[in-house]
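Pasting final_19.tsv here (TSV, C-alpha atoms):
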```
chain	number	residue	atom	x	y	z
X	1	MET	CA	65.48	70.03	196.79
X	2	ARG	CA	67.95	69.00	194.05
X	3	GLU	CA	71.04	71.10	193.87
X	4	GLU	CA	71.82	72.38	190.35
X	5	LYS	CA	75.34	71.92	189.24
X	6	PRO	CA	77.01	74.87	187.48
X	7	ASN	CA	77.84	74.52	183.81
X	8	ASN	CA	81.26	73.08	183.08
X	9	PRO	CA	83.48	75.81	181.45
X	10	SER	CA	85.71	73.21	179.82
X	11	GLN	CA	82.72	71.76	178.00
X	12	LYS	CA	81.81	75.21	176.59
X	13	ASN	CA	85.35	75.67	175.28
X	14	LYS	CA	85.22	72.28	173.62
X	15	ASN	CA	81.96	73.19	171.89
X	16	ARG	CA	83.38	76.50	170.77
X	17	LYS	CA	86.50	74.85	169.28
X	18	SER	CA	84.41	72.27	167.46
X	19	TRP	CA	82.95	74.89	165.10
X	20	LEU	CA	85.67	77.58	165.19
X	21	TRP	CA	88.44	75.75	163.34
X	22	PRO	CA	86.24	74.41	160.51
X	23	ALA	CA	84.98	77.95	160.00
X	24	ILE	CA	88.56	79.24	159.80
X	25	TYR	CA	89.54	76.49	157.37
X	26	SER	CA	86.52	77.24	155.19
X	27	GLY	CA	87.42	80.94	155.13
X	28	PHE	CA	90.96	80.20	154.01
X	29	ALA	CA	89.65	77.82	151.34
X	30	VAL	CA	87.31	80.47	149.92
X	31	LEU	CA	90.13	83.04	149.97
X	32	PHE	CA	92.51	80.66	148.20
X	33	VAL	CA	89.98	79.78	145.48
X	34	GLY	CA	89.29	83.47	144.96
X	35	MET	CA	93.02	84.18	144.54
X	36	VAL	CA	93.34	81.34	141.99
X	37	TRP	CA	90.40	82.64	139.95
X	38	THR	CA	91.77	86.17	140.01
X	39	TYR	CA	95.21	84.97	138.85
X	40	GLN	CA	93.72	82.96	135.98
X	41	ALA	CA	91.60	85.91	134.83
X	42	VAL	CA	94.60	88.27	134.84
X	43	THR	CA	96.89	85.84	132.99
X	44	ASN	CA	94.21	85.12	130.36
X	45	ASP	CA	93.75	88.84	129.74
X	46	ASP	CA	97.51	89.30	129.39
X	47	ALA	CA	97.73	86.38	126.99
X	48	GLY	CA	94.93	87.85	124.89
X	49	GLU	CA	96.67	91.22	124.72
X	50	LYS	CA	99.97	89.60	123.72
X	51	ALA	CA	98.25	87.55	121.02
X	52	GLU	CA	96.59	90.67	119.66
X	53	VAL	CA	99.90	92.53	119.55
X	54	SER	CA	101.69	89.64	117.85
X	55	GLN	CA	99.02	89.55	115.14
X	56	SER	CA	98.90	93.29	114.46
X	57	GLY	CA	102.31	94.64	115.45
X	58	PRO	CA	105.49	94.72	113.37
X	59	ALA	CA	107.32	92.27	115.63
X	60	GLY	CA	107.24	88.53	114.99
X	61	GLY	CA	106.07	88.90	111.40
X	62	GLY	CA	102.72	90.35	112.46
X	63	GLY	CA	103.02	93.07	109.83
X	64	ASN	CA	103.32	90.44	107.10
X	65	VAL	CA	100.14	88.77	108.30
X	66	THR	CA	98.26	92.07	108.05
X	67	VAL	CA	99.54	92.74	104.53
X	68	GLU	CA	98.66	89.24	103.42
X	69	THR	CA	95.12	89.56	104.77
X	70	ASN	CA	94.60	92.89	103.04
X	71	ALA	CA	96.07	91.62	99.77
X	72	SER	CA	93.71	88.65	99.63
X	73	ASN	CA	90.79	91.10	99.81
X	74	GLU	CA	92.10	93.40	97.06
X	75	THR	CA	90.79	93.63	93.50
X	76	MET	CA	93.45	93.93	90.83
X	77	LYS	CA	93.97	97.45	89.50
X	78	PHE	CA	95.61	98.66	86.28
X	79	PRO	CA	99.44	98.78	86.24
X	80	PHE	CA	99.31	102.52	85.56
X	81	ASP	CA	97.55	105.60	86.89
X	82	GLU	CA	93.84	105.33	86.04
X	83	ALA	CA	93.96	108.94	84.84
X	84	LEU	CA	95.78	107.49	81.79
X	85	LEU	CA	93.09	104.91	81.09
X	86	ASP	CA	91.84	106.65	77.94
X	87	GLY	CA	95.36	107.04	76.55
X	88	VAL	CA	96.86	103.61	77.28
X	89	SER	CA	96.08	100.85	74.80
X	90	VAL	CA	97.04	97.24	74.15
X	91	ILE	CA	99.37	97.13	71.16
X	92	GLN	CA	100.28	93.44	71.47
X	93	GLU	CA	97.83	90.90	72.88
X	94	TYR	CA	98.37	87.89	75.13
X	95	TYR	CA	98.76	84.72	73.06
X	96	ASP	CA	95.75	82.55	73.86
X	97	MET	CA	95.54	79.18	72.12
X	98	GLU	CA	91.75	79.28	72.40
X	99	ALA	CA	91.44	82.71	70.75
X	100	ASP	CA	90.55	83.14	67.08
X	101	SER	CA	93.28	83.32	64.45
X	102	GLU	CA	93.16	87.11	64.17
X	103	GLN	CA	93.65	87.51	67.92
X	104	ARG	CA	96.51	85.00	67.97
X	105	GLU	CA	98.22	86.81	65.11
X	106	LYS	CA	98.16	90.05	67.12
X	107	ALA	CA	99.88	88.21	69.96
X	108	LEU	CA	102.91	87.17	67.90
X	109	LEU	CA	106.14	89.08	68.48
X	110	VAL	CA	108.71	89.18	65.72
X	111	PHE	CA	112.44	89.32	66.33
X	112	SER	CA	115.15	88.55	63.78
X	113	GLN	CA	112.56	86.97	61.46
X	114	THR	CA	111.40	84.69	64.27
X	115	TYR	CA	107.89	84.61	65.74
X	116	VAL	CA	107.51	84.42	69.52
X	117	THR	CA	104.21	84.18	71.40
X	118	ASN	CA	103.48	87.00	73.81
X	119	SER	CA	103.24	85.84	77.44
X	120	GLY	CA	101.49	89.05	78.54
X	121	VAL	CA	100.05	92.22	77.08
X	122	SER	CA	102.11	95.10	75.72
X	123	LEU	CA	100.69	98.45	76.85
X	124	SER	CA	101.55	101.79	75.25
X	125	ASN	CA	100.67	105.40	75.99
X	126	GLY	CA	101.29	106.69	72.47
X	127	ASP	CA	105.01	105.89	72.80
X	128	GLU	CA	105.19	108.22	75.84
X	129	PRO	CA	106.71	106.86	79.07
X	130	PHE	CA	104.42	106.40	82.07
X	131	GLU	CA	104.79	105.31	85.68
X	132	VAL	CA	104.24	101.61	86.39
X	133	LYS	CA	102.10	100.75	89.43
X	134	ALA	CA	101.79	97.53	91.45
X	135	VAL	CA	98.40	96.03	90.61
X	136	LEU	CA	98.16	94.33	94.02
X	137	SER	CA	100.02	94.45	97.31
X	138	GLY	CA	102.81	91.91	97.62
X	139	THR	CA	106.52	91.13	97.89
X	140	VAL	CA	109.10	91.83	95.21
X	141	GLU	CA	110.18	88.37	94.09
X	142	ASP	CA	112.82	89.37	91.54
X	143	VAL	CA	114.40	92.34	89.78
X	144	VAL	CA	116.17	91.63	86.48
X	145	VAL	CA	118.35	94.15	84.66
X	146	ASP	CA	118.61	93.34	80.96
X	147	GLU	CA	119.39	96.15	78.52
X	148	PHE	CA	118.58	93.99	75.50
X	149	MET	CA	115.21	92.45	76.49
X	150	GLY	CA	114.32	95.18	78.96
X	151	ASN	CA	114.45	95.31	82.74
X	152	LYS	CA	111.64	93.65	84.66
X	153	VAL	CA	110.19	93.43	88.16
X	154	THR	CA	108.27	90.42	89.47
X	155	ILE	CA	105.93	90.71	92.47
X	156	LYS	CA	104.38	87.81	94.38
X	157	HIS	CA	100.85	88.31	95.70
X	158	ALA	CA	98.28	86.41	97.74
X	159	ASP	CA	96.19	83.56	96.32
X	160	GLY	CA	99.00	82.20	94.12
X	161	LEU	CA	99.17	85.28	91.88
X	162	GLU	CA	102.39	86.70	90.46
X	163	THR	CA	102.79	89.73	88.20
X	164	THR	CA	105.74	90.83	86.07
X	165	TYR	CA	106.37	94.32	84.71
X	166	GLY	CA	108.78	94.22	81.77
X	167	SER	CA	110.49	96.83	79.59
X	168	VAL	CA	110.94	99.28	82.46
X	169	THR	CA	113.57	101.68	83.73
X	170	GLY	CA	114.10	103.73	86.88
X	171	ILE	CA	113.21	100.78	89.09
X	172	GLN	CA	112.33	101.97	92.60
X	173	VAL	CA	112.11	98.63	94.44
X	174	GLU	CA	114.47	95.82	95.39
X	175	LYS	CA	114.04	92.10	95.86
X	176	GLY	CA	112.29	91.38	99.14
X	177	ASP	CA	110.57	94.76	99.38
X	178	GLN	CA	106.93	94.92	100.49
X	179	VAL	CA	104.89	97.00	98.05
X	180	ALA	CA	101.39	98.38	98.39
X	181	GLN	CA	98.73	98.29	95.70
X	182	GLY	CA	99.10	101.33	93.45
X	183	GLU	CA	102.69	102.02	94.52
X	184	THR	CA	105.00	103.25	91.73
X	185	ILE	CA	107.68	100.66	91.04
X	186	ALA	CA	109.27	101.86	87.75
X	187	THR	CA	108.77	103.77	84.47
X	188	THR	CA	108.17	102.30	81.03
X	189	ALA	CA	110.94	102.16	78.41
X	190	ALA	CA	111.78	100.78	74.97
X	191	ASN	CA	114.03	97.77	74.40
X	192	GLU	CA	116.00	96.22	71.54
X	193	TRP	CA	114.26	92.84	71.68
X	194	ASN	CA	110.82	94.28	70.79
X	195	PRO	CA	111.60	97.55	68.98
X	196	THR	CA	108.27	97.69	67.12
X	197	ALA	CA	106.44	98.25	70.44
X	198	GLY	CA	108.44	101.40	71.18
X	199	ASN	CA	108.10	102.72	74.71
X	200	HIS	CA	105.77	100.23	76.40
X	201	LEU	CA	105.04	97.99	79.38
X	202	LEU	CA	104.98	94.22	79.04
X	203	PHE	CA	102.53	93.19	81.76
X	204	GLU	CA	102.33	89.47	82.65
X	205	VAL	CA	100.22	87.52	85.15
X	206	LYS	CA	100.76	84.01	86.51
X	207	LYS	CA	98.39	81.94	88.61
X	208	ASP	CA	100.03	79.11	90.56
X	209	GLY	CA	103.07	79.38	88.30
X	210	VAL	CA	101.14	79.22	85.00
X	211	ALA	CA	100.87	82.21	82.64
X	212	VAL	CA	97.30	83.46	82.22
X	213	ASN	CA	95.68	86.20	80.19
X	214	PRO	CA	95.84	89.53	82.11
X	215	GLY	CA	92.52	90.30	80.45
X	216	ASN	CA	90.94	87.72	82.76
X	217	TYR	CA	91.52	90.19	85.61
X	218	LEU	CA	91.51	93.58	83.89
X	219	ALA	CA	89.33	94.92	81.07
X	220	PHE	CA	91.86	96.61	78.81
```
Could you render the structure from this file as structure tokens?
Amino acid sequence: MREEKPNNPSQKNKNRKSWLWPAIYSGFAVLFVGMVWTYQAVTNDDAGEKAEVSQSGPAGGGGNVTVETNASNETMKFPFDEALLDGVSVIQEYYDMEADSEQREKALLVFSQTYVTNSGVSLSNGDEPFEVKAVLSGTVEDVVVDEFMGNKVTIKHADGLETTYGSVTGIQVEKGDQVAQGETIATTAANEWNPTAGNHLLFEVKKDGVAVNPGNYLAF
């Protein structure tokens, strides 16, 4: 009868070690990959939140971006309270070379026996002063104080537009100010350079630096 030899304990230990360490290494690898994925997800979320804040918050010029976006979506409004729409009229037209002779004649300003073409439209409320409103949101580009020709405020808007409000007093803005559409910026006044217009607003519009007829944007 053949005698059976007992199993070798050292052989069992060797077999056990052969699969134990690879299993441990695999576990650590899975854990490490999971930690890397978690870290990337958290940092991406943080980056997204920071980007959102920088676009919408006041820091880093984010507020300017918001104003610019809103301004590009605005439609130009009248440079006065719309409650005055029935009372305000154009007393001196914009000088348009393509207009008929009668229209061009109405756009000539006379000073010291000299004719000057009107670069905007002169608006009057029956010689009564009225508040002047920003027709679009934008940044105050310039404020000029001139007692003879009349004070004026120039505002730069989105899409290459620029508006000027002349013959005004009581100016409420300064150069560099951000103004909202419909915000009161001044009050109309008379001036010595164009006395025949009386108390009025000289409203001018430029597109990419070139004067254009305000009537292209507003139906006066």
If you take all atoms listed in the file and a cut-off of 6 Å, which residues of region 156-205 of chain X touch region 122-135 of chain X, and what are their nearest atom pairs and distances in Å to one decimal, in chain and number order, as JSON lines?
```
{"residue": "X:Gln181", "atom": "CA", "partner": "X:Ala134", "partner_atom": "CA", "distance": 5.3}
{"residue": "X:Gly182", "atom": "CA", "partner": "X:Lys133", "partner_atom": "CA", "distance": 5.0}
{"residue": "X:Glu183", "atom": "CA", "partner": "X:Lys133", "partner_atom": "CA", "distance": 5.3}
{"residue": "X:Thr184", "atom": "CA", "partner": "X:Lys133", "partner_atom": "CA", "distance": 4.5}
{"residue": "X:Ile185", "atom": "CA", "partner": "X:Lys133", "partner_atom": "CA", "distance": 5.8}
{"residue": "X:Ala186", "atom": "CA", "partner": "X:Val132", "partner_atom": "CA", "distance": 5.2}
{"residue": "X:Thr187", "atom": "CA", "partner": "X:Glu131", "partner_atom": "CA", "distance": 4.4}
{"residue": "X:Thr188", "atom": "CA", "partner": "X:Pro129", "partner_atom": "CA", "distance": 5.2}
{"residue": "X:Gly198", "atom": "CA", "partner": "X:Asp127", "partner_atom": "CA", "distance": 5.9}
{"residue": "X:Asn199", "atom": "CA", "partner": "X:Asp127", "partner_atom": "CA", "distance": 4.8}
{"residue": "X:His200", "atom": "CA", "partner": "X:Ser124", "partner_atom": "CA", "distance": 4.6}
{"residue": "X:Leu201", "atom": "CA", "partner": "X:Leu123", "partner_atom": "CA", "distance": 5.1}
{"residue": "X:Leu202", "atom": "CA", "partner": "X:Ser122", "partner_atom": "CA", "distance": 4.5}
```
Correct to one decimal, the distance CA of Gly120 (chain X)-CA of Tyr94 (chain X) is 4.8 Å
CA of Glu141 (chain X) to CA of Ser89 (chain X), distance in Å rounded to a single decimal: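 The value is 27.0 Å.
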Using only C-alpha atoms, which residues sit within 8 Å of region 191-194 of chain X once same-chain residues fewer than 4 positions away are excluded, as a PyMOL selection string? chain X and resi 109-111+147-150+167+198-199
Would you output that residue set with C-alpha atoms, as a compact mmCIF listing (two decimals), in the coordinates of the input?
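result30.txt was written with the following content:
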```txt
# COMPACT_ATOMS: atom_id res chain seq x y z
CA LEU X 109 106.14 89.08 68.48
CA VAL X 110 108.71 89.18 65.72
CA PHE X 111 112.44 89.32 66.33
CA GLU X 147 119.39 96.15 78.52
CA PHE X 148 118.58 93.99 75.50
CA MET X 149 115.21 92.45 76.49
CA GLY X 150 114.32 95.18 78.96
CA SER X 167 110.49 96.83 79.59
CA GLY X 198 108.44 101.40 71.18
CA ASN X 199 108.10 102.72 74.71
```
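Rounded to one decimal, CA of Thr169 (chain X) and CA of Val153 (chain X) lie 10.0 Å from each other.
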With distances taken over all atoms listed in the file, which of X:Ile155, X:Ala189, X:Val210, X:Leu136 is nearest to Lys175 (chain X)?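 Smallest distance to Lys175 (chain X) is found for X:Ile155.
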The residues within 12 Å of (100.0, 86.6, 92.7), using only C-alpha atoms and the coordinates of the file, should be reported as an MDAnalysis selection string; which are they? chainID X and resid 68 71:72 74:76 134:141 154:164 204:212 214 217
Selected residue, from X:Thr114, X:Ala197, X:Ala180, X:Val168, that lies nearest to Lys77 (chain X) when counting only C-alpha atoms: X:Ala180
Neighbouring residues of Leu85 (chain X) were defined as those with any atom within 10 Å, considering only C-alpha atoms; residues of the same chain fewer than 5 positions away were excluded. Please report them as a PyMOL selection string. chain X and resi 78+80+125+220
When you count all atoms listed in the file, which of these residues is closest to Thr196 (chain X): X:Ala219, X:Ile91, X:Val116, X:Ser101?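 That would be X:Ile91, the residue with the smallest distance to Thr196 (chain X).
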